[in-house]
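S.K.: Contents of model_12.pdb (PDB, C-alpha atoms and all ligand atoms) are given next:
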ATOM      1  CA  MET A  17      -4.742  10.682  -3.722
ATOM      2  CA  TYR A  18      -3.855   8.445  -6.588
ATOM      3  CA  ASN A  19      -7.080   6.484  -6.506
ATOM      4  CA  PHE A  20      -8.940   9.742  -6.392
ATOM      5  CA  LYS A  21      -7.203  10.731  -9.622
ATOM      6  CA  ILE A  22      -8.287   7.523 -11.306
ATOM      7  CA  LYS A  23     -11.808   7.929 -10.000
ATOM      8  CA  SER A  24     -12.029  11.495 -11.274
ATOM      9  CA  THR A  25     -10.720  10.391 -14.656
ATOM     10  CA  LEU A  26     -13.302   7.634 -14.759
ATOM     11  CA  THR A  27     -16.020  10.038 -13.721
ATOM     12  CA  LEU A  28     -14.974  12.474 -16.442
ATOM     13  CA  LEU A  29     -14.977   9.657 -18.974
ATOM     14  CA  THR A  30     -18.424   8.563 -17.861
ATOM     15  CA  ILE A  31     -19.680  12.120 -18.193
ATOM     16  CA  SER A  32     -18.100  12.500 -21.645
ATOM     17  CA  VAL A  33     -19.645   9.254 -22.821
ATOM     18  CA  ALA A  34     -23.016  10.275 -21.418
ATOM     19  CA  LEU A  35     -22.718  13.618 -23.205
ATOM     20  CA  LEU A  36     -21.731  11.948 -26.453
ATOM     21  CA  VAL A  37     -24.669   9.597 -26.235
ATOM     22  CA  SER A  38     -27.094  12.400 -25.502
ATOM     23  CA  CYS A  39     -25.638  14.535 -28.311
ATOM     24  CA  ASN A  40     -26.021  11.672 -30.734
ATOM     25  CA  LYS A  41     -29.583  11.212 -29.702
ATOM     26  CA  THR A  42     -30.444  14.794 -30.573
ATOM     27  CA  GLU A  43     -28.996  15.519 -33.994
ATOM     28  CA  GLU A  44     -25.235  16.152 -34.121
ATOM     29  CA  LYS A  45     -23.690  13.069 -35.623
ATOM     30  CA  ASP A  46     -20.279  14.607 -36.230
ATOM     31  CA  VAL A  47     -19.185  14.471 -32.621
ATOM     32  CA  VAL A  48     -15.400  14.657 -32.384
ATOM     33  CA  VAL A  49     -13.748  11.613 -30.843
ATOM     34  CA  ASP A  50     -12.730  12.576 -27.342
ATOM     35  CA  ALA A  51      -8.973  12.994 -27.081
ATOM     36  CA  PRO A  52      -8.583  13.058 -23.264
ATOM     37  CA  VAL A  53      -8.945   9.273 -23.110
ATOM     38  CA  GLU A  54      -5.709   8.696 -24.993
ATOM     39  CA  ALA A  55      -3.965  11.580 -23.283
ATOM     40  CA  THR A  56      -4.440  10.241 -19.761
ATOM     41  CA  THR A  57      -4.102   6.480 -20.222
ATOM     42  CA  PRO A  58      -0.314   6.153 -20.760
ATOM     43  CA  ASP A  59       0.412   8.380 -17.785
ATOM     44  CA  VAL A  60      -1.730   6.283 -15.481
ATOM     45  CA  ALA A  61      -0.153   3.062 -16.714
ATOM     46  CA  LYS A  62       3.323   4.363 -15.957
ATOM     47  CA  GLN A  63       2.581   5.225 -12.349
ATOM     48  CA  ASP A  64       0.558   2.130 -11.773
ATOM     49  CA  THR A  65       3.533  -0.177 -11.308
ATOM     50  CA  ILE A  66       6.434   0.239  -8.920
ATOM     51  CA  LYS A  67       9.571  -1.869  -9.164
ATOM     52  CA  ILE A  68      11.476  -2.654  -5.997
ATOM     53  CA  THR A  69      14.803  -4.422  -5.636
ATOM     54  CA  LEU A  70      15.607  -5.887  -2.252
ATOM     55  CA  ASN A  71      19.065  -7.367  -1.804
ATOM     56  CA  SER A  72      20.090  -9.891   0.825
ATOM     57  CA  ASN A  73      23.505 -11.332   1.611
ATOM     58  CA  ASP A  74      25.604 -13.926   3.453
ATOM     59  CA  LYS A  75      25.635 -11.724   6.552
ATOM     60  CA  MET A  76      21.909 -12.243   7.129
ATOM     61  CA  GLN A  77      20.976  -8.740   5.990
ATOM     62  CA  TYR A  78      18.467  -7.009   3.755
ATOM     63  CA  ASP A  79      19.620  -3.724   2.215
ATOM     64  CA  LEU A  80      16.261  -2.022   2.841
ATOM     65  CA  SER A  81      14.533  -1.537   6.172
ATOM     66  CA  GLN A  82      11.744   0.609   4.681
ATOM     67  CA  ILE A  83       9.838   0.136   1.441
ATOM     68  CA  ASP A  84       7.383   2.835   0.352
ATOM     69  CA  VAL A  85       4.634   2.330  -2.224
ATOM     70  CA  ASN A  86       1.299   3.965  -3.028
ATOM     71  CA  GLU A  87      -2.088   2.467  -2.436
ATOM     72  CA  GLY A  88      -3.444   0.733  -5.529
ATOM     73  CA  GLN A  89      -0.029   0.266  -7.137
ATOM     74  CA  THR A  90       1.089  -2.997  -8.611
ATOM     75  CA  VAL A  91       4.318  -3.930  -6.867
ATOM     76  CA  VAL A  92       6.971  -5.859  -8.760
ATOM     77  CA  LEU A  93       9.485  -6.910  -6.145
ATOM     78  CA  THR A  94      12.746  -8.671  -6.862
ATOM     79  CA  LEU A  95      14.649 -10.307  -4.048
ATOM     80  CA  ASN A  96      18.321 -10.924  -4.803
ATOM     81  CA  HIS A  97      20.731 -13.015  -2.766
ATOM     82  CA  THR A  98      24.089 -11.411  -3.467
ATOM     83  CA  GLY A  99      26.020 -13.918  -1.361
ATOM     84  CA  THR A 100      27.396 -17.347  -2.194
ATOM     85  CA  MET A 101      26.153 -19.470   0.696
ATOM     86  CA  PRO A 102      23.601 -22.210  -0.074
ATOM     87  CA  MET A 103      19.910 -22.008   0.653
ATOM     88  CA  ALA A 104      20.138 -24.665   3.363
ATOM     89  CA  SER A 105      22.392 -22.578   5.600
ATOM     90  CA  MET A 106      21.723 -18.983   4.473
ATOM     91  CA  GLY A 107      18.400 -19.082   2.659
ATOM     92  CA  HIS A 108      16.389 -15.880   2.377
ATOM     93  CA  ASN A 109      12.887 -14.958   1.362
ATOM     94  CA  PHE A 110      10.606 -11.932   1.578
ATOM     95  CA  VAL A 111       7.320 -12.374   3.388
ATOM     96  CA  LEU A 112       4.868  -9.472   3.674
ATOM     97  CA  LEU A 113       2.519  -9.927   6.599
ATOM     98  CA  LYS A 114      -0.964  -8.686   7.307
ATOM     99  CA  GLN A 115      -1.330  -6.043   9.989
ATOM    100  CA  GLY A 116      -1.621  -7.395  13.504
ATOM    101  CA  THR A 117       0.389 -10.541  12.794
ATOM    102  CA  ASN A 118       2.528 -11.562  15.739
ATOM    103  CA  LEU A 119       6.030 -12.009  14.296
ATOM    104  CA  GLU A 120       7.155 -14.526  16.914
ATOM    105  CA  LYS A 121       4.103 -16.725  16.400
ATOM    106  CA  PHE A 122       4.432 -16.484  12.639
ATOM    107  CA  GLU A 123       8.094 -17.442  12.812
ATOM    108  CA  GLU A 124       7.205 -20.429  14.969
ATOM    109  CA  LYS A 125       4.772 -21.696  12.313
ATOM    110  CA  ALA A 126       7.192 -20.909   9.488
ATOM    111  CA  GLY A 127      10.005 -22.780  11.205
ATOM    112  CA  LYS A 128       8.021 -26.004  10.913
ATOM    113  CA  ALA A 129       7.644 -25.612   7.151
ATOM    114  CA  GLN A 130      11.200 -26.304   6.019
ATOM    115  CA  LYS A 131      10.077 -28.389   3.038
ATOM    116  CA  ASP A 132       7.962 -25.467   1.813
ATOM    117  CA  GLY A 133      10.760 -22.922   2.065
ATOM    118  CA  TYR A 134       9.609 -21.842   5.540
ATOM    119  CA  ILE A 135       6.237 -20.682   4.266
ATOM    120  CA  PRO A 136       3.577 -22.110   6.585
ATOM    121  CA  THR A 137       0.741 -24.168   5.116
ATOM    122  CA  ASP A 138      -1.688 -21.731   6.710
ATOM    123  CA  LYS A 139      -1.075 -18.612   4.631
ATOM    124  CA  SER A 140      -3.756 -16.497   6.288
ATOM    125  CA  ASP A 141      -1.175 -14.065   7.706
ATOM    126  CA  ILE A 142       0.606 -13.551   4.377
ATOM    127  CA  ILE A 143      -0.073 -10.832   1.800
ATOM    128  CA  ALA A 144       2.737 -11.859  -0.560
ATOM    129  CA  ASN A 145       5.979 -13.818  -0.475
ATOM    130  CA  THR A 146       8.903 -14.847  -2.604
ATOM    131  CA  LYS A 147      10.326 -18.331  -2.585
ATOM    132  CA  LEU A 148      13.368 -19.159  -0.481
ATOM    133  CA  ILE A 149      16.613 -18.506  -2.363
ATOM    134  CA  GLY A 150      20.305 -19.209  -1.855
ATOM    135  CA  GLY A 151      23.457 -17.324  -2.871
ATOM    136  CA  GLY A 152      23.406 -15.985  -6.430
ATOM    137  CA  GLU A 153      19.686 -16.534  -6.867
ATOM    138  CA  SER A 154      16.771 -14.154  -7.370
ATOM    139  CA  ASP A 155      13.003 -14.297  -7.249
ATOM    140  CA  THR A 156      10.499 -11.746  -8.528
ATOM    141  CA  ILE A 157       6.902 -11.483  -7.404
ATOM    142  CA  THR A 158       4.031  -9.220  -8.435
ATOM    143  CA  PHE A 159       1.220  -8.209  -6.126
ATOM    144  CA  MET A 160      -1.200  -5.371  -5.456
ATOM    145  CA  ALA A 161      -0.254  -2.964  -2.702
ATOM    146  CA  PRO A 162      -2.645  -3.454   0.208
ATOM    147  CA  GLU A 163      -4.637  -0.580   1.694
ATOM    148  CA  LYS A 164      -2.851   2.398   3.262
ATOM    149  CA  GLY A 165      -0.835   1.558   6.353
ATOM    150  CA  SER A 166       2.407   0.103   7.632
ATOM    151  CA  TYR A 167       3.115  -3.603   7.276
ATOM    152  CA  ASP A 168       5.917  -5.862   8.491
ATOM    153  CA  TYR A 169       8.065  -7.871   6.150
ATOM    154  CA  LEU A 170      10.637 -10.438   7.109
ATOM    155  CA  CYS A 171      12.735 -13.387   6.113
ATOM    156  CA  SER A 172      11.130 -16.490   7.592
ATOM    157  CA  PHE A 173      14.287 -18.648   7.585
ATOM    158  CA  PRO A 174      14.743 -19.770  11.225
ATOM    159  CA  GLY A 175      16.481 -17.115  13.297
ATOM    160  CA  HIS A 176      16.696 -14.506  10.559
ATOM    161  CA  TYR A 177      13.711 -12.302  11.270
ATOM    162  CA  SER A 178      15.271 -10.698  14.344
ATOM    163  CA  VAL A 179      17.488  -8.718  11.943
ATOM    164  CA  MET A 180      15.980  -9.417   8.524
ATOM    165  CA  LYS A 181      12.815  -7.389   8.770
ATOM    166  CA  GLY A 182      11.440  -4.025   7.787
ATOM    167  CA  LYS A 183       8.406  -1.856   7.253
ATOM    168  CA  PHE A 184       6.399  -1.843   4.046
ATOM    169  CA  ASN A 185       4.581   1.494   3.984
ATOM    170  CA  VAL A 186       1.568   2.040   1.767
ATOM    171  CA  LYS A 187       0.811   5.731   1.327
TER     172      LYS A 187
HETATM  173 CU    CU B   1      17.095 -15.018   5.613
END
Could you write out this file's structure as structure tokens?
Ligand SMILES: [Cu+2]

M.R.:
Amino acid sequence: MYNFKIKSTLTLLTISVALLVSCNKTEEKDVVVDAPVEATTPDVAKQDTIKITLNSNDKMQYDLSQIDVNEGQTVVLTLNHTGTMPMASMGHNFVLLKQGTNLEKFEEKAGKAQKDGYIPTDKSDIIANTKLIGGGESDTITFMAPEKGSYDYLCSFPGHYSVMKGKFNVK
């Protein structure tokens, strides 16, 4: 839907430019500057970015089990750790996985990557991730929403994903 809107706008712009060029070629030099360009741009920019705040705590919980975005949007996601426990015992992150990723197998790989904040060296299953944070900390990441569909996200700290997971829906 949204992409279609952008495409139509672009198409209209292309047509307007083509018309302007052809008009110029004939004789009319006093072509009025086309206003629609300025009228649509700010609107598009506003909808283009979505900000999401995901909180986590000392009880091994996220406060969201569903996150909805639109295809083509730039996602600015902030993960907060509202607890006080240190990263070593209650660290949390946000890892968005590609479709078809086996969570158990991913967690197995992640568990071996303690020094890298439980983000495996092989990142082929990952769309985006925050760093691992402890109580009182935050991390913000920016990424493009993937194509329409439902994706899993989880905390890859050992043992957390059984409860710290959710669905990232791109509409
Ligand atoms: Cu966690």

S.K.: Which of these residues is nearest to ligand CU 1 (chain B), using all atoms listed in the file: A:Lys147, A:Lys181, A:Lys75, A:His176?

M.R.: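 Distance minimum relative to ligand CU 1 (chain B) lands on A:His176.
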
S.K.: Can you work out which one of A:Tyr78, A:Phe122, A:Phe173, A:Tyr134 has the shortest atom-to-atom distance to A:Met106, counting only C-alpha atoms?

M.R.: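 Residue with the minimum atom-to-atom distance to A:Met106: A:Phe173.
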
S.K.: Please build the interface table for chain A against ligand CU 1 (chain B) with a cut-off of 10 Å, listing for each qualifying residue the nearest atom pair and the distance in Å to one decimal; count all atoms listed in the file, order rows by chain and increasing number, and write it as CSV.

M.R.:
residue,atom,partner,partner_atom,distance
A:Ser72,CA,B:CU1,CU,7.6
A:Asn73,CA,B:CU1,CU,8.4
A:Asp74,CA,B:CU1,CU,8.8
A:Lys75,CA,B:CU1,CU,9.2
A:Met76,CA,B:CU1,CU,5.8
A:Gln77,CA,B:CU1,CU,7.4
A:Tyr78,CA,B:CU1,CU,8.3
A:His97,CA,B:CU1,CU,9.4
A:Met103,CA,B:CU1,CU,9.0
A:Ser105,CA,B:CU1,CU,9.2
A:Met106,CA,B:CU1,CU,6.2
A:Gly107,CA,B:CU1,CU,5.2
A:His108,CA,B:CU1,CU,3.4
A:Asn109,CA,B:CU1,CU,6.0
A:Phe110,CA,B:CU1,CU,8.2
A:Leu148,CA,B:CU1,CU,8.3
A:Ile149,CA,B:CU1,CU,8.7
A:Gly150,CA,B:CU1,CU,9.1
A:Leu170,CA,B:CU1,CU,8.1
A:Cys171,CA,B:CU1,CU,4.7
A:Ser172,CA,B:CU1,CU,6.5
A:Phe173,CA,B:CU1,CU,5.0
A:Pro174,CA,B:CU1,CU,7.7
A:Gly175,CA,B:CU1,CU,8.0
A:His176,CA,B:CU1,CU,5.0
A:Tyr177,CA,B:CU1,CU,7.1
A:Ser178,CA,B:CU1,CU,9.9
A:Val179,CA,B:CU1,CU,8.9
A:Met180,CA,B:CU1,CU,6.4
A:Lys181,CA,B:CU1,CU,9.3

S.K.: For this structure, which residues satisfy the selection - the PyMOL selection byres (((chain A and resi 169) around 7) and not hetatm) - when it is evaluated on the file as given? I want them as number ranges by chain.

M.R.: A: 110-113, 167-168, 170, 181-184

S.K.: Which of these, A:Gln89, A:Thr100, A:Thr146, A:Ser166, has the shortest distance to A:Leu70 once you count all atoms listed in the file?

M.R.: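 Looking only at the distances to A:Leu70, the closest residue turns out to be A:Thr146.
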
S.K.: Tell me, in Å to one decimal, how far atom CA of A:Thr94 is from atom CA of A:Ser140.

M.R.: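 That distance, rounded to one decimal, is 22.5 Å.
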
S.K.: If you count all atoms listed in the file, which residues fall within 7 Å of A:Val92, apart from same-chain ones fewer than 2 positions away, as a list in words?

M.R.: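 Once the adjacent positions are removed, what remains is Ile66, Lys67, Ile68, Thr90, Thr94, Thr156, Ile157, Thr158 and Phe159 of chain A.
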
S.K.: What does the distance from atom CA of A:Glu153 to atom CA of A:Ala104 come to in Å, to one decimal?

M.R.: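 Taking atom CA of A:Glu153 as the start and atom CA of A:Ala104 as the end point, the length is 13.1 Å.
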
S.K.: What does the distance from atom CA of A:Glu124 to atom CA of A:Asn96 come to in Å, to one decimal?

M.R.: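 Calculated distance between atom CA of A:Glu124 and atom CA of A:Asn96 is 24.6 Å.
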
S.K.: Counting all atoms listed in the file, which residue out of A:Gln130, A:Asn86, A:Ser154, A:Asn185 sits closest to A:Thr69?

M.R.: A:Ser154

S.K.: Which residue, A:Ala126, A:Gly133, A:Ile83, A:Thr117, has the smallest gap to A:Val186 when you use all atoms listed in the file?

M.R.: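 Comparing A:Ala126, A:Gly133, A:Ile83, A:Thr117 against A:Val186, the winner is A:Ile83.
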
S.K.: Can you work out which one of A:Asn118, A:Lys187, A:Thr137, A:Gly88 has the shortest atom-to-atom distance to A:Lys164, counting all atoms listed in the file?

M.R.: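 Among the listed residues, the smallest separation from A:Lys164 belongs to A:Lys187.
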
S.K.: Generate the missing atoms of stretch 163-187 of chain A up to N, CA, C and O atoms and report them as a PDB file, in the coordinates of the input.

M.R.:
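Wrote part.pdb, looks like this:
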ATOM      1  N   GLU A 163      -4.135  -1.913   1.352  1.00  0.00           N
ATOM      2  CA  GLU A 163      -4.637  -0.580   1.694  1.00  0.00           C
ATOM      3  C   GLU A 163      -3.621   0.197   2.534  1.00  0.00           C
ATOM      4  O   GLU A 163      -2.707  -0.401   3.128  1.00  0.00           O
ATOM      5  N   LYS A 164      -3.790   1.519   2.566  1.00  0.00           N
ATOM      6  CA  LYS A 164      -2.851   2.398   3.262  1.00  0.00           C
ATOM      7  C   LYS A 164      -2.523   1.887   4.667  1.00  0.00           C
ATOM      8  O   LYS A 164      -3.397   1.427   5.389  1.00  0.00           O
ATOM      9  N   GLY A 165      -1.243   1.982   5.025  1.00  0.00           N
ATOM     10  CA  GLY A 165      -0.835   1.558   6.353  1.00  0.00           C
ATOM     11  C   GLY A 165       0.586   1.058   6.338  1.00  0.00           C
ATOM     12  O   GLY A 165       1.255   1.078   5.299  1.00  0.00           O
ATOM     13  N   SER A 166       1.048   0.607   7.507  1.00  0.00           N
ATOM     14  CA  SER A 166       2.407   0.103   7.632  1.00  0.00           C
ATOM     15  C   SER A 166       2.356  -1.393   7.921  1.00  0.00           C
ATOM     16  O   SER A 166       1.599  -1.833   8.788  1.00  0.00           O
ATOM     17  N   TYR A 167       3.132  -2.139   7.175  1.00  0.00           N
ATOM     18  CA  TYR A 167       3.115  -3.603   7.276  1.00  0.00           C
ATOM     19  C   TYR A 167       4.527  -4.121   7.548  1.00  0.00           C
ATOM     20  O   TYR A 167       5.509  -3.521   7.111  1.00  0.00           O
ATOM     21  N   ASP A 168       4.608  -5.253   8.235  1.00  0.00           N
ATOM     22  CA  ASP A 168       5.917  -5.862   8.491  1.00  0.00           C
ATOM     23  C   ASP A 168       6.288  -6.804   7.363  1.00  0.00           C
ATOM     24  O   ASP A 168       5.432  -7.511   6.835  1.00  0.00           O
ATOM     25  N   TYR A 169       7.574  -6.800   7.020  1.00  0.00           N
ATOM     26  CA  TYR A 169       8.065  -7.871   6.150  1.00  0.00           C
ATOM     27  C   TYR A 169       9.276  -8.493   6.814  1.00  0.00           C
ATOM     28  O   TYR A 169       9.942  -7.860   7.644  1.00  0.00           O
ATOM     29  N   LEU A 170       9.517  -9.733   6.481  1.00  0.00           N
ATOM     30  CA  LEU A 170      10.637 -10.438   7.109  1.00  0.00           C
ATOM     31  C   LEU A 170      11.102 -11.600   6.263  1.00  0.00           C
ATOM     32  O   LEU A 170      10.451 -11.988   5.296  1.00  0.00           O
ATOM     33  N   CYS A 171      12.241 -12.137   6.672  1.00  0.00           N
ATOM     34  CA  CYS A 171      12.735 -13.387   6.113  1.00  0.00           C
ATOM     35  C   CYS A 171      12.342 -14.453   7.125  1.00  0.00           C
ATOM     36  O   CYS A 171      12.642 -14.329   8.313  1.00  0.00           O
ATOM     37  N   SER A 172      11.659 -15.504   6.648  1.00  0.00           N
ATOM     38  CA  SER A 172      11.130 -16.490   7.592  1.00  0.00           C
ATOM     39  C   SER A 172      12.066 -17.671   7.831  1.00  0.00           C
ATOM     40  O   SER A 172      11.700 -18.629   8.498  1.00  0.00           O
ATOM     41  N   PHE A 173      13.283 -17.605   7.297  1.00  0.00           N
ATOM     42  CA  PHE A 173      14.287 -18.648   7.585  1.00  0.00           C
ATOM     43  C   PHE A 173      14.545 -18.591   9.102  1.00  0.00           C
ATOM     44  O   PHE A 173      14.704 -17.501   9.658  1.00  0.00           O
ATOM     45  N   PRO A 174      14.603 -19.775   9.756  1.00  0.00           N
ATOM     46  CA  PRO A 174      14.743 -19.770  11.225  1.00  0.00           C
ATOM     47  C   PRO A 174      15.865 -18.859  11.732  1.00  0.00           C
ATOM     48  O   PRO A 174      17.000 -18.948  11.274  1.00  0.00           O
ATOM     49  N   GLY A 175      15.505 -17.997  12.658  1.00  0.00           N
ATOM     50  CA  GLY A 175      16.481 -17.115  13.297  1.00  0.00           C
ATOM     51  C   GLY A 175      16.790 -15.831  12.554  1.00  0.00           C
ATOM     52  O   GLY A 175      17.447 -14.949  13.097  1.00  0.00           O
ATOM     53  N   HIS A 176      16.310 -15.695  11.334  1.00  0.00           N
ATOM     54  CA  HIS A 176      16.696 -14.506  10.559  1.00  0.00           C
ATOM     55  C   HIS A 176      15.849 -13.264  10.833  1.00  0.00           C
ATOM     56  O   HIS A 176      16.314 -12.150  10.668  1.00  0.00           O
ATOM     57  N   TYR A 177      14.606 -13.463  11.233  1.00  0.00           N
ATOM     58  CA  TYR A 177      13.711 -12.302  11.270  1.00  0.00           C
ATOM     59  C   TYR A 177      14.090 -11.272  12.334  1.00  0.00           C
ATOM     60  O   TYR A 177      13.683 -10.112  12.232  1.00  0.00           O
ATOM     61  N   SER A 178      14.895 -11.676  13.318  1.00  0.00           N
ATOM     62  CA  SER A 178      15.271 -10.698  14.344  1.00  0.00           C
ATOM     63  C   SER A 178      16.043  -9.536  13.725  1.00  0.00           C
ATOM     64  O   SER A 178      15.961  -8.401  14.173  1.00  0.00           O
ATOM     65  N   VAL A 179      16.791  -9.808  12.650  1.00  0.00           N
ATOM     66  CA  VAL A 179      17.488  -8.718  11.943  1.00  0.00           C
ATOM     67  C   VAL A 179      16.945  -8.493  10.529  1.00  0.00           C
ATOM     68  O   VAL A 179      16.965  -7.370  10.026  1.00  0.00           O
ATOM     69  N   MET A 180      16.468  -9.570   9.904  1.00  0.00           N
ATOM     70  CA  MET A 180      15.980  -9.417   8.524  1.00  0.00           C
ATOM     71  C   MET A 180      14.491  -9.105   8.536  1.00  0.00           C
ATOM     72  O   MET A 180      13.630  -9.975   8.327  1.00  0.00           O
ATOM     73  N   LYS A 181      14.211  -7.833   8.793  1.00  0.00           N
ATOM     74  CA  LYS A 181      12.815  -7.389   8.770  1.00  0.00           C
ATOM     75  C   LYS A 181      12.772  -5.912   8.453  1.00  0.00           C
ATOM     76  O   LYS A 181      13.781  -5.206   8.520  1.00  0.00           O
ATOM     77  N   GLY A 182      11.587  -5.437   8.088  1.00  0.00           N
ATOM     78  CA  GLY A 182      11.440  -4.025   7.787  1.00  0.00           C
ATOM     79  C   GLY A 182       9.980  -3.640   7.695  1.00  0.00           C
ATOM     80  O   GLY A 182       9.082  -4.462   7.946  1.00  0.00           O
ATOM     81  N   LYS A 183       9.781  -2.372   7.351  1.00  0.00           N
ATOM     82  CA  LYS A 183       8.406  -1.856   7.253  1.00  0.00           C
ATOM     83  C   LYS A 183       8.063  -1.576   5.793  1.00  0.00           C
ATOM     84  O   LYS A 183       8.828  -0.902   5.084  1.00  0.00           O
ATOM     85  N   PHE A 184       6.925  -2.063   5.388  1.00  0.00           N
ATOM     86  CA  PHE A 184       6.399  -1.843   4.046  1.00  0.00           C
ATOM     87  C   PHE A 184       5.277  -0.821   4.206  1.00  0.00           C
ATOM     88  O   PHE A 184       4.230  -1.106   4.792  1.00  0.00           O
ATOM     89  N   ASN A 185       5.545   0.405   3.750  1.00  0.00           N
ATOM     90  CA  ASN A 185       4.581   1.494   3.984  1.00  0.00           C
ATOM     91  C   ASN A 185       3.768   1.784   2.735  1.00  0.00           C
ATOM     92  O   ASN A 185       4.320   2.092   1.683  1.00  0.00           O
ATOM     93  N   VAL A 186       2.460   1.722   2.883  1.00  0.00           N
ATOM     94  CA  VAL A 186       1.568   2.040   1.767  1.00  0.00           C
ATOM     95  C   VAL A 186       0.969   3.407   2.032  1.00  0.00           C
ATOM     96  O   VAL A 186       0.334   3.632   3.059  1.00  0.00           O
ATOM     97  N   LYS A 187       1.240   4.347   1.103  1.00  0.00           N
ATOM     98  CA  LYS A 187       0.811   5.731   1.327  1.00  0.00           C
ATOM     99  C   LYS A 187      -0.328   6.130   0.406  1.00  0.00           C
ATOM    100  O   LYS A 187      -0.545   5.502  -0.607  1.00  0.00           O
TER     101      LYS A 187
END
